[in-house]
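Source file: protein_3.txt (compact mmCIF, C-alpha atoms)
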# COMPACT_ATOMS: atom_id res chain seq x y z
CA GLY A 1 9.25 -6.86 9.54
CA ASP A 2 8.22 -5.18 6.33
CA SER A 3 8.37 -1.40 6.10
CA VAL A 4 8.04 1.39 3.55
CA THR A 5 9.69 4.79 3.88
CA GLN A 6 8.54 7.77 1.85
CA MET A 7 9.87 11.28 1.67
CA GLU A 8 7.97 13.66 3.87
CA GLY A 9 5.76 16.27 2.32
CA PRO A 10 4.25 18.43 1.39
CA VAL A 11 5.93 18.66 -1.98
CA THR A 12 5.00 21.92 -3.67
CA LEU A 13 5.64 22.31 -7.39
CA SER A 14 4.64 24.62 -10.19
CA GLU A 15 2.63 23.25 -13.08
CA GLU A 16 4.77 21.43 -15.68
CA ALA A 17 7.59 20.81 -13.18
CA PHE A 18 9.30 17.43 -12.86
CA LEU A 19 8.16 15.27 -9.96
CA THR A 20 10.07 12.70 -7.93
CA ILE A 21 8.70 11.11 -4.78
CA ASN A 22 11.17 8.78 -3.14
CA CYS A 23 10.18 5.41 -1.73
CA THR A 24 12.39 2.73 -0.21
CA TYR A 25 11.34 -0.53 1.34
CA THR A 26 12.38 -3.38 3.59
CA ALA A 27 10.90 -6.81 3.00
CA THR A 28 11.77 -10.38 3.88
CA GLY A 29 10.51 -11.97 0.66
CA TYR A 30 10.02 -10.85 -2.93
CA PRO A 31 7.38 -8.17 -2.70
CA SER A 32 5.16 -6.58 -5.28
CA LEU A 33 5.31 -2.79 -5.15
CA PHE A 34 2.51 -0.28 -5.64
CA TRP A 35 1.79 3.41 -5.81
CA TYR A 36 -1.68 4.52 -4.75
CA VAL A 37 -3.10 8.04 -4.98
CA GLN A 38 -5.71 9.60 -2.72
CA TYR A 39 -7.53 12.70 -3.92
CA PRO A 40 -9.21 14.92 -1.31
CA GLY A 41 -12.24 13.27 0.25
CA GLU A 42 -11.77 10.02 -1.62
CA GLY A 43 -10.37 6.53 -1.10
CA LEU A 44 -7.19 5.10 -2.55
CA GLN A 45 -6.83 4.56 -6.28
CA LEU A 46 -4.21 2.24 -7.72
CA LEU A 47 -1.81 4.34 -9.78
CA LEU A 48 0.74 1.76 -10.89
CA LYS A 49 2.48 -1.41 -9.80
CA ALA A 50 5.50 -3.63 -10.42
CA THR A 51 5.78 -7.26 -9.44
CA LYS A 52 9.46 -8.09 -9.94
CA ALA A 53 12.87 -6.51 -10.10
CA ASP A 54 13.49 -4.12 -13.02
CA ASP A 55 9.79 -3.95 -13.89
CA LYS A 56 8.56 -0.46 -14.71
CA GLY A 57 5.00 0.47 -13.81
CA SER A 58 3.40 3.37 -15.64
CA ASN A 59 0.05 5.12 -15.78
CA LYS A 60 -1.22 8.64 -16.59
CA GLY A 61 2.33 9.87 -17.20
CA PHE A 62 3.62 8.53 -13.88
CA GLU A 63 6.39 5.93 -13.79
CA ALA A 64 8.24 3.91 -11.18
CA THR A 65 10.93 1.25 -11.58
CA TYR A 66 11.40 -1.65 -9.16
CA ARG A 67 15.06 -1.43 -8.12
CA LYS A 68 16.01 -4.44 -6.05
CA GLU A 69 19.64 -3.38 -5.62
CA THR A 70 18.63 -0.13 -3.94
CA THR A 71 15.29 -1.43 -2.56
CA SER A 72 13.56 1.56 -4.10
CA PHE A 73 10.44 2.36 -6.11
CA HIS A 74 10.59 6.10 -6.74
CA LEU A 75 7.61 7.76 -8.43
CA GLU A 76 8.31 10.19 -11.29
CA LYS A 77 6.34 12.34 -13.67
CA GLY A 78 7.83 14.59 -16.28
CA SER A 79 5.28 17.41 -16.17
CA VAL A 80 2.79 17.71 -13.31
CA GLN A 81 -0.64 19.31 -13.53
CA VAL A 82 -2.78 21.01 -10.91
CA SER A 83 -5.07 17.99 -11.09
CA ASP A 84 -2.22 15.79 -9.80
CA SER A 85 -2.49 17.44 -6.38
CA ALA A 86 -3.18 14.57 -3.99
CA VAL A 87 -1.54 12.31 -1.43
CA TYR A 88 0.63 9.53 -2.87
CA PHE A 89 1.22 6.27 -1.01
CA CYS A 90 3.93 3.73 -1.71
CA ALA A 91 3.07 0.19 -0.62
CA LEU A 92 4.37 -3.34 -0.76
CA LEU A 93 2.80 -6.77 -0.66
CA ASP A 94 5.27 -9.33 0.60
CA THR A 95 5.39 -12.94 -0.51
CA GLY A 96 2.73 -15.05 1.18
CA ARG A 97 1.10 -12.13 2.96
CA ARG A 98 -2.34 -10.65 2.44
CA ALA A 99 -1.91 -7.16 3.85
CA LEU A 100 -0.35 -4.21 2.12
CA THR A 101 2.33 -2.34 4.06
CA PHE A 102 2.00 1.36 3.37
CA GLY A 103 4.32 4.31 3.66
CA SER A 104 3.11 7.38 5.49
CA GLY A 105 2.07 9.16 2.29
CA THR A 106 3.43 12.25 0.54
CA ARG A 107 1.18 15.21 -0.15
CA LEU A 108 1.76 16.86 -3.52
CA GLN A 109 0.55 20.39 -4.15
CA VAL A 110 0.80 21.69 -7.71
CA GLN A 111 0.37 25.41 -8.19
CA PRO A 112 -0.80 27.02 -11.44
CA GLU B 1 -22.33 -0.17 -10.20
CA THR B 2 -18.68 -1.01 -10.54
CA GLY B 3 -15.66 -1.33 -8.30
CA VAL B 4 -15.84 -1.22 -4.53
CA THR B 5 -18.59 0.75 -2.81
CA GLN B 6 -18.93 1.71 0.83
CA THR B 7 -21.84 3.04 2.85
CA PRO B 8 -22.32 5.30 4.59
CA ARG B 9 -19.71 7.77 3.39
CA HIS B 10 -19.90 9.73 6.63
CA LEU B 11 -20.98 8.60 10.09
CA VAL B 12 -21.14 10.41 13.41
CA MET B 13 -21.85 8.31 16.46
CA GLY B 14 -21.77 8.52 20.22
CA MET B 15 -19.68 6.19 22.31
CA THR B 16 -22.71 4.13 23.34
CA ASN B 17 -24.13 3.67 19.84
CA LYS B 18 -24.03 0.56 17.68
CA LYS B 19 -23.57 1.03 13.97
CA SER B 20 -22.35 -0.95 10.97
CA LEU B 21 -20.24 -0.07 7.97
CA LYS B 22 -20.98 -1.83 4.70
CA CYS B 23 -18.71 -2.67 1.80
CA GLU B 24 -19.66 -4.28 -1.49
CA GLN B 25 -17.34 -5.29 -4.30
CA HIS B 26 -18.49 -5.76 -7.89
CA LEU B 27 -15.21 -7.13 -9.21
CA GLY B 28 -15.74 -10.85 -8.66
CA HIS B 29 -12.86 -10.97 -6.17
CA ASN B 30 -12.38 -13.63 -3.50
CA ALA B 31 -10.76 -11.58 -0.73
CA MET B 32 -11.83 -8.47 1.17
CA TYR B 33 -10.08 -6.21 3.64
CA TRP B 34 -10.72 -3.52 6.23
CA TYR B 35 -8.07 -0.82 6.70
CA LYS B 36 -8.01 2.13 9.08
CA GLN B 37 -6.58 5.49 8.08
CA SER B 38 -6.15 7.91 10.96
CA ALA B 39 -4.52 11.30 10.92
CA LYS B 40 -1.38 10.39 12.80
CA LYS B 41 -0.62 6.87 11.61
CA PRO B 42 0.06 5.13 8.31
CA LEU B 43 -2.72 3.07 6.84
CA GLU B 44 -3.09 -0.06 8.91
CA LEU B 45 -4.76 -3.37 8.21
CA MET B 46 -7.61 -4.43 10.47
CA PHE B 47 -9.05 -7.63 8.99
CA VAL B 48 -8.66 -9.90 5.97
CA TYR B 49 -11.26 -12.30 4.64
CA SER B 50 -10.24 -14.80 1.99
CA LEU B 51 -12.89 -17.07 0.49
CA GLU B 52 -15.24 -15.79 3.23
CA GLU B 53 -12.97 -16.94 6.06
CA ARG B 54 -11.18 -14.52 8.32
CA VAL B 55 -7.52 -15.14 7.73
CA GLU B 56 -5.98 -12.20 9.50
CA ASN B 57 -6.93 -10.09 12.48
CA ASN B 58 -4.38 -7.43 13.22
CA SER B 59 -4.88 -7.17 16.99
CA VAL B 60 -8.01 -5.10 16.61
CA PRO B 61 -10.07 -4.34 19.75
CA SER B 62 -13.24 -6.38 20.14
CA ARG B 63 -15.41 -3.28 19.80
CA PHE B 64 -14.82 -3.78 16.06
CA SER B 65 -16.50 -6.92 14.74
CA PRO B 66 -16.24 -7.91 11.06
CA GLU B 67 -18.70 -10.04 9.13
CA CYS B 68 -18.35 -11.47 5.64
CA PRO B 69 -21.60 -13.21 4.63
CA ASN B 70 -20.43 -13.84 1.06
CA SER B 71 -17.54 -12.97 -1.22
CA SER B 72 -19.14 -9.70 -2.35
CA HIS B 73 -20.08 -8.18 0.99
CA LEU B 74 -18.14 -7.16 4.06
CA PHE B 75 -19.42 -5.45 7.18
CA LEU B 76 -17.74 -3.81 10.14
CA HIS B 77 -19.95 -3.73 13.21
CA LEU B 78 -19.11 -1.01 15.70
CA HIS B 79 -20.09 -0.76 19.37
CA THR B 80 -18.96 1.30 22.34
CA LEU B 81 -16.27 3.05 20.32
CA GLN B 82 -13.83 5.62 21.68
CA PRO B 83 -13.07 9.07 20.27
CA GLU B 84 -9.65 7.81 19.14
CA ASP B 85 -11.46 5.42 16.81
CA SER B 86 -12.42 8.40 14.65
CA ALA B 87 -10.80 7.76 11.28
CA LEU B 88 -11.39 6.91 7.64
CA TYR B 89 -12.25 3.23 7.29
CA LEU B 90 -11.34 1.80 3.93
CA CYS B 91 -12.52 -1.43 2.39
CA ALA B 92 -10.57 -3.20 -0.34
CA SER B 93 -10.87 -6.35 -2.40
CA SER B 94 -8.53 -8.49 -4.46
CA GLN B 95 -8.38 -11.75 -6.35
CA VAL B 96 -6.09 -13.98 -4.33
CA PRO B 97 -4.18 -16.42 -6.54
CA LEU B 98 -5.60 -19.90 -6.22
CA ALA B 99 -4.09 -23.27 -7.02
CA GLY B 100 -3.88 -23.49 -10.77
CA GLY B 101 -3.21 -19.83 -11.22
CA GLY B 102 -5.30 -16.73 -11.70
CA GLY B 103 -5.35 -13.54 -9.66
CA THR B 104 -2.84 -10.79 -9.14
CA ASP B 105 -3.31 -9.87 -5.49
CA THR B 106 -3.72 -6.20 -6.45
CA GLN B 107 -6.05 -4.56 -3.96
CA TYR B 108 -8.75 -2.14 -5.08
CA PHE B 109 -10.15 0.29 -2.56
CA GLY B 110 -13.52 1.82 -1.92
CA PRO B 111 -14.03 5.53 -1.16
CA GLY B 112 -14.07 4.97 2.59
CA THR B 113 -16.37 5.83 5.48
CA ARG B 114 -15.38 8.89 7.49
CA LEU B 115 -16.23 7.99 11.09
CA THR B 116 -16.43 10.52 13.90
CA VAL B 117 -16.95 9.28 17.45
CA LEU B 118 -18.17 11.90 19.89

Show me this structure written as structure tokens.
Amino acid sequence: GDSVTQMEGPVTLSEEAFLTINCTYTATGYPSLFWYVQYPGEGLQLLLKATKADDKGSNKGFEATYRKETTSFHLEKGSVQVSDSAVYFCALLDTGRRALTFGSGTRLQVQP
Amino acid sequence: ETGVTQTPRHLVMGMTNKKSLKCEQHLGHNAMYWYKQSAKKPLELMFVYSLEERVENNSVPSRFSPECPNSSHLFLHLHTLQPEDSALYLCASSQVPLAGGGGTDTQYFGPGTRLTVL
């Protein structure tokens, strides 16, 4: 079945540091890939997405590239801010399915 | 109001109570979802409604009963819950691609209802 594996957190960084959160996936079809972010006490917000191999999703300084050869969709940001502190979820939507398959989430803590 | 809204935001109930969670989407989407987020498990799908028909039920106990009266509203009726049902319940909506095109299948989430079962 489909699965998503994320690096375990928490990830603790200083402000303006470079961020990478690893995500790899297993899917039977040709999935779309997503990153969602959850701020404390809130629901999930779509951060970015990519629908086919080599697509790059980007939003608010975050980027992720759909790498079919390595089945990965790593999230990166060049310079994090304290306001980026949240839990980040990688997810996939496989061909013909309705439900997202989520990773376990990675908590990011950015210190001033 | 825009996006996906959920009420109540917080709910505390006893095991013998009956309560309902409400979700409303203002995005003109044709599919709605219930997900459960508990502390020790990844987010997991509970139910999917597409064009107001339930198309997926992920082996959810019968003490959870969904209702989708129209494409904008989704309810989750709760009765005789257990303490392990305490979790954040998230609603989402999307525009499922139809014949002829249109829709991206991207799911947009509401803020969730934090449920505590005593």

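Using all atoms listed in the file, the nearest neighbour of chain A within the list B:Pro8, B:Gly3, B:Pro42, B:Pro66 is B:Pro42.
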
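Minimum atom-to-atom distances from A:Ser72, A:Ser83, A:Thr28, A:Gln6 to chain B were compared using all atoms listed in the file, and the lowest value belongs to A:Gln6.
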
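Going from CA of Asn59 (chain A) over to CA of Ala17 (chain A), you cover 17.6 Å.
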
Could you build a table of the residues in chain B lying no more than 12 Å from chain A, giving for each the nearest pair of atoms and their separation in Å rounded to one decimal place, using only C-alpha atoms, ordered by chain and ascending residue number, as JSON lines?
{"residue": "B:Gly3", "atom": "CA", "partner": "A:Gln45", "partner_atom": "CA", "distance": 10.8}
{"residue": "B:Val4", "atom": "CA", "partner": "A:Gly43", "partner_atom": "CA", "distance": 10.1}
{"residue": "B:Thr5", "atom": "CA", "partner": "A:Gly43", "partner_atom": "CA", "distance": 10.2}
{"residue": "B:Gln6", "atom": "CA", "partner": "A:Gly43", "partner_atom": "CA", "distance": 10.0}
{"residue": "B:Arg9", "atom": "CA", "partner": "A:Glu42", "partner_atom": "CA", "distance": 9.7}
{"residue": "B:His10", "atom": "CA", "partner": "A:Gly41", "partner_atom": "CA", "distance": 10.6}
{"residue": "B:Ala31", "atom": "CA", "partner": "A:Arg98", "partner_atom": "CA", "distance": 9.0}
{"residue": "B:Met32", "atom": "CA", "partner": "A:Arg98", "partner_atom": "CA", "distance": 9.8}
{"residue": "B:Tyr33", "atom": "CA", "partner": "A:Ala99", "partner_atom": "CA", "distance": 8.2}
{"residue": "B:Trp34", "atom": "CA", "partner": "A:Ala99", "partner_atom": "CA", "distance": 9.8}
{"residue": "B:Tyr35", "atom": "CA", "partner": "A:Ala99", "partner_atom": "CA", "distance": 9.3}
{"residue": "B:Lys36", "atom": "CA", "partner": "A:Gly43", "partner_atom": "CA", "distance": 11.3}
{"residue": "B:Gln37", "atom": "CA", "partner": "A:Gly43", "partner_atom": "CA", "distance": 10.0}
{"residue": "B:Ser38", "atom": "CA", "partner": "A:Ser104", "partner_atom": "CA", "distance": 10.8}
{"residue": "B:Ala39", "atom": "CA", "partner": "A:Ser104", "partner_atom": "CA", "distance": 10.2}
{"residue": "B:Lys40", "atom": "CA", "partner": "A:Ser104", "partner_atom": "CA", "distance": 9.1}
{"residue": "B:Lys41", "atom": "CA", "partner": "A:Ser104", "partner_atom": "CA", "distance": 7.2}
{"residue": "B:Pro42", "atom": "CA", "partner": "A:Ser104", "partner_atom": "CA", "distance": 4.7}
{"residue": "B:Leu43", "atom": "CA", "partner": "A:Phe102", "partner_atom": "CA", "distance": 6.1}
{"residue": "B:Glu44", "atom": "CA", "partner": "A:Thr101", "partner_atom": "CA", "distance": 7.6}
{"residue": "B:Leu45", "atom": "CA", "partner": "A:Ala99", "partner_atom": "CA", "distance": 6.4}
{"residue": "B:Met46", "atom": "CA", "partner": "A:Ala99", "partner_atom": "CA", "distance": 9.2}
{"residue": "B:Phe47", "atom": "CA", "partner": "A:Ala99", "partner_atom": "CA", "distance": 8.8}
{"residue": "B:Val48", "atom": "CA", "partner": "A:Arg98", "partner_atom": "CA", "distance": 7.3}
{"residue": "B:Tyr49", "atom": "CA", "partner": "A:Arg98", "partner_atom": "CA", "distance": 9.3}
{"residue": "B:Ser50", "atom": "CA", "partner": "A:Arg98", "partner_atom": "CA", "distance": 8.9}
{"residue": "B:Arg54", "atom": "CA", "partner": "A:Arg98", "partner_atom": "CA", "distance": 11.3}
{"residue": "B:Val55", "atom": "CA", "partner": "A:Arg98", "partner_atom": "CA", "distance": 8.7}
{"residue": "B:Glu56", "atom": "CA", "partner": "A:Arg98", "partner_atom": "CA", "distance": 8.1}
{"residue": "B:Asn57", "atom": "CA", "partner": "A:Ala99", "partner_atom": "CA", "distance": 10.4}
{"residue": "B:Asn58", "atom": "CA", "partner": "A:Ala99", "partner_atom": "CA", "distance": 9.7}
{"residue": "B:Leu88", "atom": "CA", "partner": "A:Gly43", "partner_atom": "CA", "distance": 8.8}
{"residue": "B:Tyr89", "atom": "CA", "partner": "A:Gly43", "partner_atom": "CA", "distance": 9.2}
{"residue": "B:Leu90", "atom": "CA", "partner": "A:Gly43", "partner_atom": "CA", "distance": 7.0}
{"residue": "B:Cys91", "atom": "CA", "partner": "A:Gly43", "partner_atom": "CA", "distance": 9.0}
{"residue": "B:Ala92", "atom": "CA", "partner": "A:Leu44", "partner_atom": "CA", "distance": 9.2}
{"residue": "B:Ser93", "atom": "CA", "partner": "A:Arg98", "partner_atom": "CA", "distance": 10.7}
{"residue": "B:Ser94", "atom": "CA", "partner": "A:Arg98", "partner_atom": "CA", "distance": 9.5}
{"residue": "B:Gln95", "atom": "CA", "partner": "A:Arg98", "partner_atom": "CA", "distance": 10.7}
{"residue": "B:Val96", "atom": "CA", "partner": "A:Arg98", "partner_atom": "CA", "distance": 8.4}
{"residue": "B:Pro97", "atom": "CA", "partner": "A:Gly96", "partner_atom": "CA", "distance": 10.5}
{"residue": "B:Thr104", "atom": "CA", "partner": "A:Thr51", "partner_atom": "CA", "distance": 9.3}
{"residue": "B:Asp105", "atom": "CA", "partner": "A:Arg98", "partner_atom": "CA", "distance": 8.0}
{"residue": "B:Thr106", "atom": "CA", "partner": "A:Lys49", "partner_atom": "CA", "distance": 8.5}
{"residue": "B:Gln107", "atom": "CA", "partner": "A:Leu46", "partner_atom": "CA", "distance": 8.0}
{"residue": "B:Tyr108", "atom": "CA", "partner": "A:Leu46", "partner_atom": "CA", "distance": 6.8}
{"residue": "B:Phe109", "atom": "CA", "partner": "A:Leu44", "partner_atom": "CA", "distance": 5.6}
{"residue": "B:Gly110", "atom": "CA", "partner": "A:Gly43", "partner_atom": "CA", "distance": 5.7}
{"residue": "B:Pro111", "atom": "CA", "partner": "A:Gly43", "partner_atom": "CA", "distance": 3.8}
{"residue": "B:Gly112", "atom": "CA", "partner": "A:Gly43", "partner_atom": "CA", "distance": 5.5}
{"residue": "B:Thr113", "atom": "CA", "partner": "A:Gly43", "partner_atom": "CA", "distance": 8.9}
{"residue": "B:Arg114", "atom": "CA", "partner": "A:Gly41", "partner_atom": "CA", "distance": 9.0}

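Proximity ranking of A:Leu47, A:Thr106, A:Pro40, A:Thr24 relative to Lys68 (chain A) places A:Thr24 first, based on all atoms listed in the file.
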
Exercise for the section: Tell me which of B:Leu115, B:Leu81, B:Leu74, B:Pro69 sits closest to Lys22 (chain B), counting all atoms listed in the file. Expected result: B:Leu74

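Distance-wise, CA of Ser14 (chain A) and CA of Lys77 (chain A) end up 12.9 Å apart.
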
Practice task
List the neighbours of Pro10 (chain A) out to 10 Å using only C-alpha atoms; skip same-chain residues closer than 2 positions along the sequence, and give me the result as a VMD selection string.
Solution key: chain A and resid 7 to 8 12 to 13 86 to 87 105 to 109

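Among the candidates A:Tyr25, A:Val11, A:Val4, A:Tyr30, the residue lying nearest to Gly96 (chain A) is A:Tyr30 (atoms considered: only C-alpha atoms).
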
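The space between CA of Asp54 (chain A) and CA of Tyr88 (chain A) spans 21.3 Å.
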
Provide region 3-112 of chain A of the preceding structure as a file containing C-alpha atoms, as a compact mmCIF listing (two decimals), in the first residue's frame.
# COMPACT_ATOMS: atom_id res chain seq x y z
CA SER A 3 3.11 5.12 2.56
CA VAL A 4 4.99 8.30 3.39
CA THR A 5 8.09 8.46 5.57
CA GLN A 6 9.29 11.69 7.12
CA MET A 7 12.32 12.44 9.21
CA GLU A 8 11.57 12.44 12.90
CA GLY A 9 11.60 15.67 14.80
CA PRO A 10 11.79 17.92 16.45
CA VAL A 11 14.08 19.88 14.18
CA THR A 12 15.53 22.84 16.05
CA LEU A 13 17.15 25.65 14.08
CA SER A 14 18.29 29.19 14.64
CA GLU A 15 16.64 31.99 12.73
CA GLU A 16 17.99 32.38 9.17
CA ALA A 17 19.30 28.80 9.08
CA PHE A 18 18.74 26.51 6.09
CA LEU A 19 15.95 23.98 6.45
CA THR A 20 15.58 20.52 4.94
CA ILE A 21 12.85 18.11 5.95
CA ASN A 22 13.16 14.77 4.21
CA CYS A 23 10.18 12.93 2.79
CA THR A 24 10.12 9.68 0.81
CA TYR A 25 7.12 7.80 -0.44
CA THR A 26 5.85 4.48 -1.73
CA ALA A 27 2.93 4.44 -4.13
CA THR A 28 1.45 2.05 -6.66
CA GLY A 29 0.36 4.67 -9.19
CA TYR A 30 1.45 8.18 -10.15
CA PRO A 31 0.75 10.23 -7.06
CA SER A 32 0.46 13.93 -6.49
CA LEU A 33 2.62 15.10 -3.60
CA PHE A 34 1.87 17.74 -0.98
CA TRP A 35 3.35 19.53 1.98
CA TYR A 36 0.92 20.76 4.62
CA VAL A 37 1.76 22.88 7.66
CA GLN A 38 -0.02 22.89 11.00
CA TYR A 39 0.50 25.83 13.34
CA PRO A 40 -0.26 25.34 17.05
CA GLY A 41 -3.97 24.98 17.72
CA GLU A 42 -4.91 25.09 14.05
CA GLY A 43 -5.83 22.76 11.21
CA LEU A 44 -3.71 21.87 8.21
CA GLN A 45 -2.82 24.49 5.62
CA LEU A 46 -1.63 23.54 2.15
CA LEU A 47 1.94 24.78 1.77
CA LEU A 48 2.84 23.51 -1.70
CA LYS A 49 2.23 20.67 -4.11
CA ALA A 50 3.58 18.92 -7.20
CA THR A 51 1.59 16.72 -9.51
CA LYS A 52 4.20 15.04 -11.71
CA ALA A 53 7.84 14.08 -11.80
CA ASP A 54 10.35 16.96 -11.80
CA ASP A 55 7.69 19.51 -10.85
CA LYS A 56 8.81 22.00 -8.23
CA GLY A 57 6.25 23.33 -5.78
CA SER A 58 7.00 26.60 -4.02
CA ASN A 59 5.30 28.96 -1.59
CA LYS A 60 6.41 31.47 1.08
CA GLY A 61 10.07 30.68 0.43
CA PHE A 62 9.57 26.92 0.78
CA GLU A 63 10.35 24.59 -2.12
CA ALA A 64 10.09 20.88 -2.86
CA THR A 65 10.89 18.96 -6.04
CA TYR A 66 9.09 15.76 -7.07
CA ARG A 67 11.90 13.24 -7.62
CA LYS A 68 10.51 10.06 -9.10
CA GLU A 69 13.90 8.33 -9.34
CA THR A 70 14.45 8.63 -5.60
CA THR A 71 10.73 8.68 -4.66
CA SER A 72 11.35 11.81 -2.62
CA PHE A 73 9.78 15.21 -2.03
CA HIS A 74 12.10 16.98 0.41
CA LEU A 75 11.03 20.36 1.79
CA GLU A 76 13.61 23.17 1.82
CA LYS A 77 13.78 26.79 2.83
CA GLY A 78 16.84 28.96 2.58
CA SER A 79 16.31 31.10 5.67
CA VAL A 80 13.79 30.12 8.34
CA GLN A 81 11.97 32.52 10.64
CA VAL A 82 10.55 32.08 14.12
CA SER A 83 7.10 32.25 12.54
CA ASP A 84 7.87 29.06 10.58
CA SER A 85 7.73 27.04 13.80
CA ALA A 86 5.03 24.45 13.18
CA VAL A 87 4.48 20.80 12.30
CA TYR A 88 5.06 19.92 8.64
CA PHE A 89 3.30 16.98 6.98
CA CYS A 90 4.25 15.33 3.72
CA ALA A 91 1.36 13.62 1.94
CA LEU A 92 0.51 11.85 -1.27
CA LEU A 93 -2.65 11.31 -3.26
CA ASP A 94 -2.38 8.20 -5.38
CA THR A 95 -3.99 7.74 -8.77
CA GLY A 96 -7.68 6.93 -8.51
CA ARG A 97 -7.83 7.33 -4.74
CA ARG A 98 -9.65 9.94 -2.69
CA ALA A 99 -7.73 9.84 0.57
CA LEU A 100 -4.45 11.52 1.31
CA THR A 101 -1.76 9.34 2.85
CA PHE A 102 0.17 11.36 5.40
CA GLY A 103 3.58 11.06 6.97
CA SER A 104 3.85 11.26 10.73
CA GLY A 105 4.76 14.96 10.69
CA THR A 106 7.97 16.80 11.59
CA ARG A 107 7.95 19.49 14.24
CA LEU A 108 10.13 22.49 13.44
CA GLN A 109 11.24 24.84 16.19
CA VAL A 110 13.02 28.03 15.14
CA GLN A 111 14.82 29.94 17.85
CA PRO A 112 15.55 33.68 17.69
